[in-house]
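Heads up, structure_28.pdb below (PDB, C-alpha atoms):
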MODEL        1
ATOM      1  CA  MET F  18     -14.944  18.547  -8.942
ATOM      2  CA  ALA F  19     -14.772  14.757  -9.313
ATOM      3  CA  ARG F  20     -11.728  12.886  -8.163
ATOM      4  CA  PRO F  21      -9.718  10.814 -10.658
ATOM      5  CA  LEU F  22     -11.189   7.357 -11.137
ATOM      6  CA  ARG F  23      -9.711   4.906  -8.610
ATOM      7  CA  ILE F  24     -10.217   1.302  -9.625
ATOM      8  CA  GLN F  25      -9.745  -1.037  -6.682
ATOM      9  CA  PHE F  26     -10.029  -4.810  -6.447
ATOM     10  CA  PRO F  27      -8.134  -7.525  -4.542
ATOM     11  CA  ASP F  28      -4.556  -8.214  -5.736
ATOM     12  CA  ALA F  29      -4.512  -5.240  -8.133
ATOM     13  CA  TRP F  30      -1.128  -3.764  -9.141
ATOM     14  CA  TYR F  31      -0.442  -0.017  -9.291
ATOM     15  CA  HIS F  32       2.287   2.424 -10.222
ATOM     16  CA  VAL F  33       1.870   5.387  -7.849
ATOM     17  CA  MET F  34       3.567   8.798  -7.922
ATOM     18  CA  SER F  35       3.282  11.995  -5.859
ATOM     19  CA  ARG F  36       5.016  15.364  -6.381
ATOM     20  CA  GLY F  37       5.674  18.276  -4.093
ATOM     21  CA  ARG F  38       3.648  21.461  -4.482
ATOM     22  CA  ARG F  39       5.137  23.873  -7.011
ATOM     23  CA  GLY F  40       7.967  21.410  -7.588
ATOM     24  CA  ASP F  41       9.189  21.858  -3.988
ATOM     25  CA  LEU F  42      11.445  19.288  -2.340
ATOM     26  CA  ILE F  43       9.607  16.646  -0.345
ATOM     27  CA  PHE F  44      12.907  15.124   0.809
ATOM     28  CA  ARG F  45      15.360  17.688   2.169
ATOM     29  CA  ASP F  46      17.827  15.504   4.065
ATOM     30  CA  LYS F  47      18.682  11.900   4.858
ATOM     31  CA  GLY F  48      16.269  11.891   7.777
ATOM     32  CA  ASP F  49      13.385  12.571   5.385
ATOM     33  CA  TYR F  50      14.342   9.680   3.103
ATOM     34  CA  TYR F  51      14.701   7.270   6.015
ATOM     35  CA  ALA F  52      11.413   8.442   7.536
ATOM     36  CA  PHE F  53       9.520   7.789   4.299
ATOM     37  CA  ILE F  54      11.040   4.316   3.883
ATOM     38  CA  ASP F  55      10.167   3.449   7.499
ATOM     39  CA  LEU F  56       6.619   4.658   6.835
ATOM     40  CA  LEU F  57       6.457   2.447   3.751
ATOM     41  CA  LYS F  58       7.536  -0.550   5.834
ATOM     42  CA  ASP F  59       4.874   0.223   8.436
ATOM     43  CA  CYS F  60       2.207   0.398   5.731
ATOM     44  CA  ILE F  61       3.160  -3.043   4.437
ATOM     45  CA  GLU F  62       2.174  -4.414   7.831
ATOM     46  CA  MET F  63      -0.702  -2.041   8.526
ATOM     47  CA  TRP F  64      -2.430  -2.191   5.132
ATOM     48  CA  ASN F  65      -1.195  -5.564   3.851
ATOM     49  CA  ILE F  66       0.374  -4.103   0.706
ATOM     50  CA  ARG F  67       3.228  -5.611  -1.305
ATOM     51  CA  VAL F  68       5.890  -3.164  -2.458
ATOM     52  CA  VAL F  69       8.045  -4.418  -5.326
ATOM     53  CA  ALA F  70       9.834  -1.155  -6.170
ATOM     54  CA  TYR F  71      10.243   2.438  -5.035
ATOM     55  CA  CYS F  72      12.390   5.453  -5.865
ATOM     56  CA  LEU F  73      12.527   8.680  -3.859
ATOM     57  CA  MET F  74      13.605  11.584  -6.052
ATOM     58  CA  GLY F  75      13.798  14.803  -4.065
ATOM     59  CA  THR F  76      10.698  16.465  -5.502
ATOM     60  CA  HIS F  77       8.629  13.291  -5.981
ATOM     61  CA  TYR F  78       8.447   9.559  -5.400
ATOM     62  CA  HIS F  79       7.455   6.436  -7.349
ATOM     63  CA  ILE F  80       6.084   3.194  -5.852
ATOM     64  CA  LEU F  81       5.095  -0.049  -7.583
ATOM     65  CA  LEU F  82       2.811  -2.074  -5.334
ATOM     66  CA  GLN F  83       0.072  -4.679  -5.047
ATOM     67  CA  THR F  84      -3.025  -4.410  -2.835
ATOM     68  CA  PRO F  85      -4.390  -7.836  -1.800
ATOM     69  CA  ASP F  86      -7.179  -6.066   0.121
ATOM     70  CA  ALA F  87      -8.247  -3.551  -2.549
ATOM     71  CA  ASN F  88      -7.291  -0.602  -0.337
ATOM     72  CA  LEU F  89      -5.028   1.650  -2.419
ATOM     73  CA  SER F  90      -6.875   4.889  -1.627
ATOM     74  CA  ARG F  91      -6.895   4.291   2.116
ATOM     75  CA  CYS F  92      -3.232   3.292   2.122
ATOM     76  CA  MET F  93      -2.049   6.255   0.049
ATOM     77  CA  ARG F  94      -4.077   8.690   2.102
ATOM     78  CA  HIS F  95      -2.238   7.343   5.145
ATOM     79  CA  ILE F  96       1.212   7.527   3.518
ATOM     80  CA  ASN F  97       0.881  11.094   2.237
ATOM     81  CA  GLY F  98      -0.929  12.317   5.339
ATOM     82  CA  VAL F  99       1.483  10.854   7.880
ATOM     83  CA  TYR F 100       4.545  11.890   5.886
ATOM     84  CA  THR F 101       3.237  15.459   5.529
ATOM     85  CA  GLN F 102       2.787  15.644   9.299
ATOM     86  CA  TYR F 103       6.334  14.353   9.823
ATOM     87  CA  PHE F 104       7.834  16.743   7.235
ATOM     88  CA  ASN F 105       6.081  19.825   8.585
ATOM     89  CA  ARG F 106       7.023  18.963  12.145
ATOM     90  CA  SER F 107      10.661  18.287  11.247
ATOM     91  CA  HIS F 108      11.122  21.439   9.160
ATOM     92  CA  ARG F 109       8.846  23.756  11.154
ATOM     93  CA  LEU F 110       6.377  24.237   8.330
ATOM     94  CA  ASP F 111       2.638  23.866   7.891
ATOM     95  CA  GLY F 112       0.150  23.366   5.087
ATOM     96  CA  HIS F 113       0.091  21.008   2.133
ATOM     97  CA  LEU F 114       3.245  19.219   1.024
ATOM     98  CA  PHE F 115       2.037  17.358  -2.073
ATOM     99  CA  ARG F 116       0.584  18.663  -5.330
ATOM    100  CA  GLY F 117      -3.020  17.503  -5.049
ATOM    101  CA  ARG F 118      -3.746  13.796  -4.891
ATOM    102  CA  TYR F 119      -1.307  11.123  -5.941
ATOM    103  CA  LYS F 120      -1.251   9.783  -9.501
ATOM    104  CA  SER F 121      -1.848   6.086 -10.042
ATOM    105  CA  ILE F 122      -2.107   3.638 -12.917
ATOM    106  CA  LEU F 123      -3.763   0.242 -12.605
ATOM    107  CA  VAL F 124      -1.268  -2.168 -14.149
ATOM    108  CA  ASP F 125      -1.706  -5.373 -16.143
ATOM    109  CA  SER F 126       1.153  -7.175 -14.372
ATOM    110  CA  ASP F 127       1.513  -9.787 -17.126
ATOM    111  CA  VAL F 128       2.632  -7.060 -19.535
ATOM    112  CA  TYR F 129       3.920  -3.999 -17.683
ATOM    113  CA  LEU F 130       5.187  -5.043 -14.246
ATOM    114  CA  LEU F 131       8.809  -5.457 -15.291
ATOM    115  CA  GLU F 132       8.751  -2.388 -17.530
ATOM    116  CA  LEU F 133       7.547  -0.207 -14.681
ATOM    117  CA  LEU F 134      10.073  -1.757 -12.305
ATOM    118  CA  ARG F 135      12.817  -0.758 -14.753
ATOM    119  CA  TYR F 136      11.355   2.738 -15.188
ATOM    120  CA  ILE F 137      11.306   3.307 -11.429
ATOM    121  CA  HIS F 138      14.816   2.016 -10.789
ATOM    122  CA  ARG F 139      16.282   3.927 -13.739
ATOM    123  CA  ASN F 140      14.766   7.264 -12.663
ATOM    124  CA  PRO F 141      17.972   8.637 -11.076
ATOM    125  CA  VAL F 142      20.056   7.675 -14.123
ATOM    126  CA  GLU F 143      17.565   9.112 -16.606
ATOM    127  CA  ALA F 144      17.470  12.344 -14.568
ATOM    128  CA  GLY F 145      21.270  12.621 -14.712
ATOM    129  CA  MET F 146      21.642  12.340 -10.935
ATOM    130  CA  VAL F 147      23.975   9.306 -11.101
ATOM    131  CA  ASP F 148      25.818   7.353 -13.784
ATOM    132  CA  ARG F 149      25.062   3.907 -12.359
ATOM    133  CA  LEU F 150      21.934   2.492 -10.740
ATOM    134  CA  GLU F 151      24.009   1.132  -7.849
ATOM    135  CA  SER F 152      25.165   4.658  -6.993
ATOM    136  CA  TYR F 153      21.723   5.849  -5.966
ATOM    137  CA  GLN F 154      20.863   5.215  -2.322
ATOM    138  CA  TRP F 155      17.147   6.000  -2.251
ATOM    139  CA  SER F 156      15.625   3.318  -4.447
ATOM    140  CA  SER F 157      14.879  -0.384  -4.043
ATOM    141  CA  HIS F 158      17.432  -1.365  -6.725
ATOM    142  CA  LYS F 159      20.067  -2.154  -4.106
ATOM    143  CA  GLY F 160      17.526  -4.309  -2.329
ATOM    144  CA  TYR F 161      17.259  -6.524  -5.393
ATOM    145  CA  LEU F 162      21.002  -7.081  -5.428
ATOM    146  CA  SER F 163      21.333  -7.646  -1.686
ATOM    147  CA  ARG F 164      20.952 -10.935   0.186
ATOM    148  CA  SER F 165      20.641  -9.112   3.526
ATOM    149  CA  GLU F 166      17.572  -9.863   5.666
ATOM    150  CA  LYS F 167      17.001  -6.121   6.116
ATOM    151  CA  TRP F 168      15.433  -6.167   2.628
ATOM    152  CA  ASN F 169      12.979  -8.981   3.389
ATOM    153  CA  TRP F 170      10.139  -6.451   3.587
ATOM    154  CA  LEU F 171      10.535  -5.806  -0.159
ATOM    155  CA  HIS F 172       8.370  -8.104  -2.309
ATOM    156  CA  LYS F 173      11.304  -8.777  -4.633
ATOM    157  CA  ASP F 174      11.215 -12.587  -4.760
ATOM    158  CA  TYR F 175       8.000 -12.417  -6.778
ATOM    159  CA  VAL F 176       9.737 -10.318  -9.439
ATOM    160  CA  LEU F 177      13.028 -12.189  -9.445
ATOM    161  CA  LYS F 178      11.213 -15.485 -10.066
ATOM    162  CA  ILE F 179       9.810 -13.989 -13.251
ATOM    163  CA  PHE F 180      13.400 -13.888 -14.512
ATOM    164  CA  SER F 181      14.399 -17.328 -13.164
ATOM    165  CA  ASN F 182      13.732 -19.742 -10.303
ATOM    166  CA  GLU F 183      17.494 -19.944  -9.738
ATOM    167  CA  ILE F 184      18.576 -16.877  -7.752
ATOM    168  CA  ASN F 185      21.965 -16.237  -9.383
ATOM    169  CA  GLU F 186      20.498 -16.501 -12.864
ATOM    170  CA  ALA F 187      17.553 -14.309 -11.838
ATOM    171  CA  LEU F 188      19.913 -11.606 -10.576
ATOM    172  CA  ARG F 189      21.992 -11.778 -13.754
ATOM    173  CA  ARG F 190      18.915 -11.356 -15.933
ATOM    174  CA  TYR F 191      17.563  -8.612 -13.681
ATOM    175  CA  ARG F 192      20.822  -6.615 -13.973
ATOM    176  CA  THR F 193      20.808  -6.985 -17.732
ATOM    177  CA  PHE F 194      17.173  -5.928 -17.959
ATOM    178  CA  VAL F 195      17.357  -2.784 -15.806
ATOM    179  CA  ASN F 196      20.519  -1.585 -17.536
ATOM    180  CA  LYS F 197      18.725  -1.403 -20.882
ATOM    181  CA  GLU F 198      16.999   1.788 -21.985
ATOM    182  CA  ILE F 199      13.364   2.406 -21.112
ATOM    183  CA  PRO F 200      11.017   1.764 -24.072
ATOM    184  CA  GLU F 201       9.586   4.888 -25.678
ATOM    185  CA  GLU F 202       6.034   3.691 -24.964
ATOM    186  CA  ILE F 203       6.682   3.737 -21.208
ATOM    187  CA  ASN F 204       8.328   7.162 -21.335
ATOM    188  CA  ARG F 205       5.385   8.491 -23.319
ATOM    189  CA  ILE F 206       2.779   7.113 -20.895
ATOM    190  CA  LEU F 207       4.498   8.240 -17.701
ATOM    191  CA  GLY F 208       5.813  11.477 -19.160
ATOM    192  CA  SER F 209       2.343  12.834 -19.902
ATOM    193  CA  LYS F 210       0.650  15.230 -17.484
ATOM    194  CA  LYS F 211      -2.454  13.047 -17.306
ATOM    195  CA  TRP F 212      -1.859   9.368 -16.677
ATOM    196  CA  PRO F 213      -4.300   6.763 -18.027
ATOM    197  CA  SER F 214      -6.358   4.957 -15.400
ATOM    198  CA  VAL F 215      -5.195   1.553 -16.625
ATOM    199  CA  ILE F 216      -2.543   0.064 -18.913
ATOM    200  CA  GLY F 217      -2.382  -3.486 -20.243
ATOM    201  CA  LYS F 218      -3.491  -5.899 -22.915
ATOM    202  CA  GLU F 219      -6.824  -5.303 -24.622
ATOM    203  CA  GLY F 220      -8.436  -8.185 -22.753
ATOM    204  CA  PHE F 221      -7.377  -6.775 -19.375
ATOM    205  CA  ILE F 222      -8.559  -3.262 -20.234
ATOM    206  CA  ASN F 223     -11.910  -4.582 -21.467
ATOM    207  CA  TRP F 224     -12.343  -6.583 -18.247
ATOM    208  CA  VAL F 225     -11.694  -3.444 -16.208
ATOM    209  CA  LYS F 226     -14.133  -1.417 -18.310
ATOM    210  CA  ASP F 227     -16.845  -4.042 -18.004
ATOM    211  CA  ASN F 228     -16.455  -4.337 -14.239
ATOM    212  CA  PHE F 229     -15.670  -0.787 -13.138
ATOM    213  CA  PHE F 230     -16.130   1.999 -15.676
ATOM    214  CA  VAL F 231     -19.843   1.444 -16.255
ATOM    215  CA  GLN F 232     -20.616   1.584 -12.553
ATOM    216  CA  LYS F 233     -18.346   4.531 -11.753
ATOM    217  CA  ARG F 234     -18.240   6.795 -14.770
ATOM    218  CA  HIS F 235     -20.972   9.109 -13.454
ATOM    219  CA  ALA F 236     -20.012   8.875  -9.787
ATOM    220  CA  GLU F 237     -18.399  11.742  -7.947
ATOM    221  CA  VAL F 238     -16.272  10.799  -4.966
ATOM    222  CA  PRO F 239     -16.520  13.463  -2.216
ATOM    223  CA  GLU F 240     -13.230  14.544  -0.618
ATOM    224  CA  SER F 241     -14.555  13.868   2.861
ATOM    225  CA  LYS F 242     -15.723  10.316   2.262
ATOM    226  CA  SER F 243     -13.758   7.782   4.246
ATOM    227  CA  LEU F 244     -12.777   4.589   2.481
ATOM    228  CA  ALA F 245     -12.466   2.636   5.710
ATOM    229  CA  PRO F 246     -15.252   1.382   7.979
ATOM    230  CA  ASP F 247     -15.428   2.903  11.457
ATOM    231  CA  SER F 248     -15.005   0.991  14.717
ATOM    232  CA  GLU F 249     -18.746   0.604  15.288
ATOM    233  CA  LYS F 250     -19.224  -1.046  11.891
ATOM    234  CA  ILE F 251     -16.337  -3.406  12.582
ATOM    235  CA  LYS F 252     -17.609  -4.378  16.012
ATOM    236  CA  GLY F 253     -21.136  -4.820  14.648
ATOM    237  CA  ALA F 254     -19.935  -7.083  11.833
ATOM    238  CA  VAL F 255     -17.884  -9.201  14.250
ATOM    239  CA  CYS F 256     -20.801  -9.546  16.664
ATOM    240  CA  ARG F 257     -23.095 -10.702  13.855
ATOM    241  CA  SER F 258     -20.485 -13.172  12.638
ATOM    242  CA  TYR F 259     -20.076 -14.742  16.102
ATOM    243  CA  ASP F 260     -23.695 -14.192  17.191
ATOM    244  CA  ILE F 261     -22.687 -12.309  20.341
ATOM    245  CA  SER F 262     -23.379  -8.907  21.900
ATOM    246  CA  GLU F 263     -20.958  -5.971  21.950
ATOM    247  CA  GLU F 264     -20.540  -6.468  25.701
ATOM    248  CA  ASP F 265     -18.994  -9.869  24.944
ATOM    249  CA  LEU F 266     -16.202  -8.107  23.031
ATOM    250  CA  LEU F 267     -15.006  -6.509  26.277
ATOM    251  CA  ILE F 268     -14.585  -9.795  28.165
ATOM    252  CA  SER F 269     -10.967 -10.459  29.096
ATOM    253  CA  ARG F 270      -9.962 -13.220  31.495
ATOM    254  CA  ARG F 271      -6.525 -14.647  32.191
ATOM    255  CA  GLY F 272      -5.998 -17.932  30.343
ATOM    256  CA  MET F 273      -9.049 -17.409  28.103
ATOM    257  CA  THR F 274      -8.909 -16.349  24.455
ATOM    258  CA  ASN F 275     -11.689 -14.032  23.314
ATOM    259  CA  GLU F 276     -11.553 -14.752  19.583
ATOM    260  CA  PRO F 277     -14.284 -12.259  18.547
ATOM    261  CA  ARG F 278     -12.582  -9.466  20.502
ATOM    262  CA  ASN F 279      -9.220 -10.315  18.946
ATOM    263  CA  ALA F 280     -10.750 -10.375  15.473
ATOM    264  CA  ALA F 281     -12.269  -6.923  16.025
ATOM    265  CA  ILE F 282      -8.951  -5.562  17.297
ATOM    266  CA  TYR F 283      -7.132  -6.981  14.297
ATOM    267  CA  LEU F 284      -9.659  -5.538  11.838
ATOM    268  CA  MET F 285      -9.518  -2.084  13.450
ATOM    269  CA  ARG F 286      -5.763  -2.051  12.960
ATOM    270  CA  HIS F 287      -5.857  -3.672   9.536
ATOM    271  CA  LEU F 288      -8.763  -1.787   7.952
ATOM    272  CA  MET F 289      -8.734   1.525   9.818
ATOM    273  CA  GLY F 290      -5.052   1.867  10.640
ATOM    274  CA  SER F 291      -6.032   2.854  14.182
ATOM    275  CA  LYS F 292      -3.275   3.582  16.686
ATOM    276  CA  LEU F 293      -2.627   0.982  19.384
ATOM    277  CA  GLU F 294      -3.766   3.363  22.124
ATOM    278  CA  GLU F 295      -7.007   4.092  20.253
ATOM    279  CA  ILE F 296      -7.747   0.388  19.913
ATOM    280  CA  GLY F 297      -6.894  -0.159  23.558
ATOM    281  CA  GLN F 298      -9.375   2.511  24.624
ATOM    282  CA  GLU F 299     -12.132   0.826  22.590
ATOM    283  CA  PHE F 300     -11.618  -2.488  24.393
ATOM    284  CA  GLY F 301     -10.461  -1.383  27.845
ATOM    285  CA  ILE F 302      -6.853  -2.467  27.288
ATOM    286  CA  TYR F 303      -4.449   0.088  28.733
ATOM    287  CA  ASN F 304      -1.172  -1.687  28.031
ATOM    288  CA  TYR F 305      -0.453  -0.864  24.397
ATOM    289  CA  SER F 306       2.027  -3.718  24.053
ATOM    290  CA  SER F 307      -0.861  -6.085  24.858
ATOM    291  CA  VAL F 308      -2.807  -4.666  21.914
ATOM    292  CA  SER F 309       0.205  -5.212  19.658
ATOM    293  CA  THR F 310       0.515  -8.806  20.906
ATOM    294  CA  VAL F 311      -3.170  -9.497  20.173
ATOM    295  CA  ILE F 312      -2.792  -8.149  16.634
ATOM    296  CA  GLU F 313       0.291 -10.252  15.910
ATOM    297  CA  ARG F 314      -1.210 -13.458  17.365
ATOM    298  CA  THR F 315      -4.431 -12.927  15.431
ATOM    299  CA  LYS F 316      -2.466 -12.376  12.241
ATOM    300  CA  GLN F 317      -0.584 -15.644  12.797
ATOM    301  CA  LYS F 318      -3.817 -17.490  13.564
ATOM    302  CA  ALA F 319      -5.280 -16.243  10.284
ATOM    303  CA  ILE F 320      -2.263 -17.737   8.537
ATOM    304  CA  THR F 321      -2.322 -21.133  10.250
ATOM    305  CA  ASN F 322      -6.051 -21.692  10.894
ATOM    306  CA  ARG F 323      -8.029 -22.092   7.673
ATOM    307  CA  ASN F 324     -11.486 -21.659   9.217
ATOM    308  CA  PHE F 325     -10.464 -18.517  11.096
ATOM    309  CA  ARG F 326      -8.826 -17.108   7.964
ATOM    310  CA  LYS F 327     -12.049 -17.655   5.994
ATOM    311  CA  ARG F 328     -14.041 -15.871   8.702
ATOM    312  CA  ILE F 329     -11.662 -12.893   8.687
ATOM    313  CA  GLU F 330     -11.721 -12.663   4.885
ATOM    314  CA  LYS F 331     -15.532 -12.816   4.896
ATOM    315  CA  LEU F 332     -15.640 -10.000   7.459
ATOM    316  CA  LYS F 333     -13.247  -7.892   5.399
ATOM    317  CA  LEU F 334     -15.358  -8.383   2.286
ATOM    318  CA  GLU F 335     -18.574  -7.536   4.123
ATOM    319  CA  LEU F 336     -17.055  -4.370   5.575
ATOM    320  CA  MET F 337     -15.537  -3.227   2.280
ATOM    321  CA  VAL F 338     -18.775  -3.822   0.350
ATOM    322  CA  SER F 339     -20.760  -2.059   3.052
ATOM    323  CA  GLN F 340     -18.387   0.926   2.907
ATOM    324  CA  GLU F 341     -18.594   1.150  -0.873
ATOM    325  CA  GLN F 342     -22.393   1.379  -0.561
ATOM    326  CA  THR F 343     -22.364   4.246   1.968
TER
ENDMDL
END

structure tokens encoding of this file:
Amino acid sequence: MARPLRIQFPDAWYHVMSRGRRGDLIFRDKGDYYAFIDLLKDCIEMWNIRVVAYCLMGTHYHILLQTPDANLSRCMRHINGVYTQYFNRSHRLDGHLFRGRYKSILVDSDVYLLELLRYIHRNPVEAGMVDRLESYQWSSHKGYLSRSEKWNWLHKDYVLKIFSNEINEALRRYRTFVNKEIPEEINRILGSKKWPSVIGKEGFINWVKDNFFVQKRHAEVPESKSLAPDSEKIKGAVCRSYDISEEDLLISRRGMTNEPRNAAIYLMRHLMGSKLEEIGQEFGIYNYSSVSTVIERTKQKAITNRNFRKRIEKLKLELMVSQEQT
């Protein structure tokens, strides 16, 4: 049986939802809620996603996010897989936690971003769980109202600036907006059993059809197919980019920076989500904190060094295109 169509491209926006099997609880206690939020924070770093809203609702969750690296499937597989492992371990269970694969809608942000933000934050009120949005602990609504640095991981500034460039006015308009009822169109779309693949203006939908539906409408996506390149493909791509051998990737001398090795380490973490110890084993680094330091320094170099950033982006594109063709 074919999987639902997953349309992925850089900087795409999605509304994502997953439910528990048979309507079972996927959050049983506070520890579960905190564990999922911590996992979401980790994925922002690991997969370079931007989360603008979430709501955890006992039997299901909603997330509104952007994927600069066109990696929704890989990211969501990680989120649901890791959380299932945590949940089963914590509650002494085994087997599947979620009802099949997650649902997702590709979103025309110019039209629907704010509407979906409101839908997500109003979920607890609409479900009769609380009378006021501020009373619900397990959504990002409080993060929008807070000035605390602990909410800096939430990509809220992007949304607030849609309301106003002046923060107090933006917050006032945001409060007014989310306290209004959800439009019937949004309730109809998200209340149906089968979500559309994409929502937006006609021009946006036509662009998506022209660029994705024609190529994918007959394709079946096997369950076992990985959406991330493996370590050998990453190392091979890096070696070609720097015109070096794989042995050169293992060179490590005090006071010398091995840029190709660092790039490969960064890409293994960024594209594969590999654990620090796994990366260390690949490159003969047995202090896991050293691997973490390499990843962080390489990330900062990609931010500050234009030429290095272009090389990394070119490698990412090459690896993603190569994976799509396998």

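Contact shell of F:His158 at 8 Å (all atoms listed in the file; same-chain neighbours under 4 positions omitted): Ala70, His138, Leu150, Glu151 and Leu162 of chain F.
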
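The two atoms in question, atom CA of F:Ala87 and atom CA of F:Asp127, are spaced 18.6 Å apart.
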
**Request:** Neighbourhood query: residues within 12 Å of (-3.4, -15.3, 14.8), file coordinates, counting only C-alpha atoms; return as a PyMOL selection string.
**Result:** chain F and resi 274-277+279-280+282-284+309-326+329

Any chance you can output those residues with C-alpha atoms as a compact mmCIF listing (two decimals), in the frame of the given file?
# COMPACT_ATOMS: atom_id res chain seq x y z
CA THR F 274 -8.91 -16.35 24.46
CA ASN F 275 -11.69 -14.03 23.31
CA GLU F 276 -11.55 -14.75 19.58
CA PRO F 277 -14.28 -12.26 18.55
CA ASN F 279 -9.22 -10.32 18.95
CA ALA F 280 -10.75 -10.38 15.47
CA ILE F 282 -8.95 -5.56 17.30
CA TYR F 283 -7.13 -6.98 14.30
CA LEU F 284 -9.66 -5.54 11.84
CA SER F 309 0.20 -5.21 19.66
CA THR F 310 0.52 -8.81 20.91
CA VAL F 311 -3.17 -9.50 20.17
CA ILE F 312 -2.79 -8.15 16.63
CA GLU F 313 0.29 -10.25 15.91
CA ARG F 314 -1.21 -13.46 17.36
CA THR F 315 -4.43 -12.93 15.43
CA LYS F 316 -2.47 -12.38 12.24
CA GLN F 317 -0.58 -15.64 12.80
CA LYS F 318 -3.82 -17.49 13.56
CA ALA F 319 -5.28 -16.24 10.28
CA ILE F 320 -2.26 -17.74 8.54
CA THR F 321 -2.32 -21.13 10.25
CA ASN F 322 -6.05 -21.69 10.89
CA ARG F 323 -8.03 -22.09 7.67
CA ASN F 324 -11.49 -21.66 9.22
CA PHE F 325 -10.46 -18.52 11.10
CA ARG F 326 -8.83 -17.11 7.96
CA ILE F 329 -11.66 -12.89 8.69

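Closest approach to F:Glu219 among F:Asp125, F:Tyr153, F:Leu177, F:Gly98 is made by F:Asp125 (distances from only C-alpha atoms).
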
**Message:** Give me the residues near F:Ala254 as a ChimeraX atom specification, where near means some atom within 9 Å (using all atoms listed in the file) and where sequence neighbours in that chain fewer than 6 positions away do not count.
**Reply:** /F:281,332,335-336

**Request:** List every protein, DNA or RNA residue that has an atom no more than 12 Å from (11.4, 24.4, 6.4) in the file's coordinate frame, counting all atoms listed in the file, and report them as a list in words.
**Result:** Asp41, Leu42, Ile43, Phe44, Arg45, Asp46, Tyr103, Phe104, Asn105, Arg106, Ser107, His108, Arg109, Leu110, Asp111, Gly112 and Leu114 of chain F

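Pairwise distance (atom CA of F:Tyr31, atom CA of F:Ser90) equals 11.1 Å.
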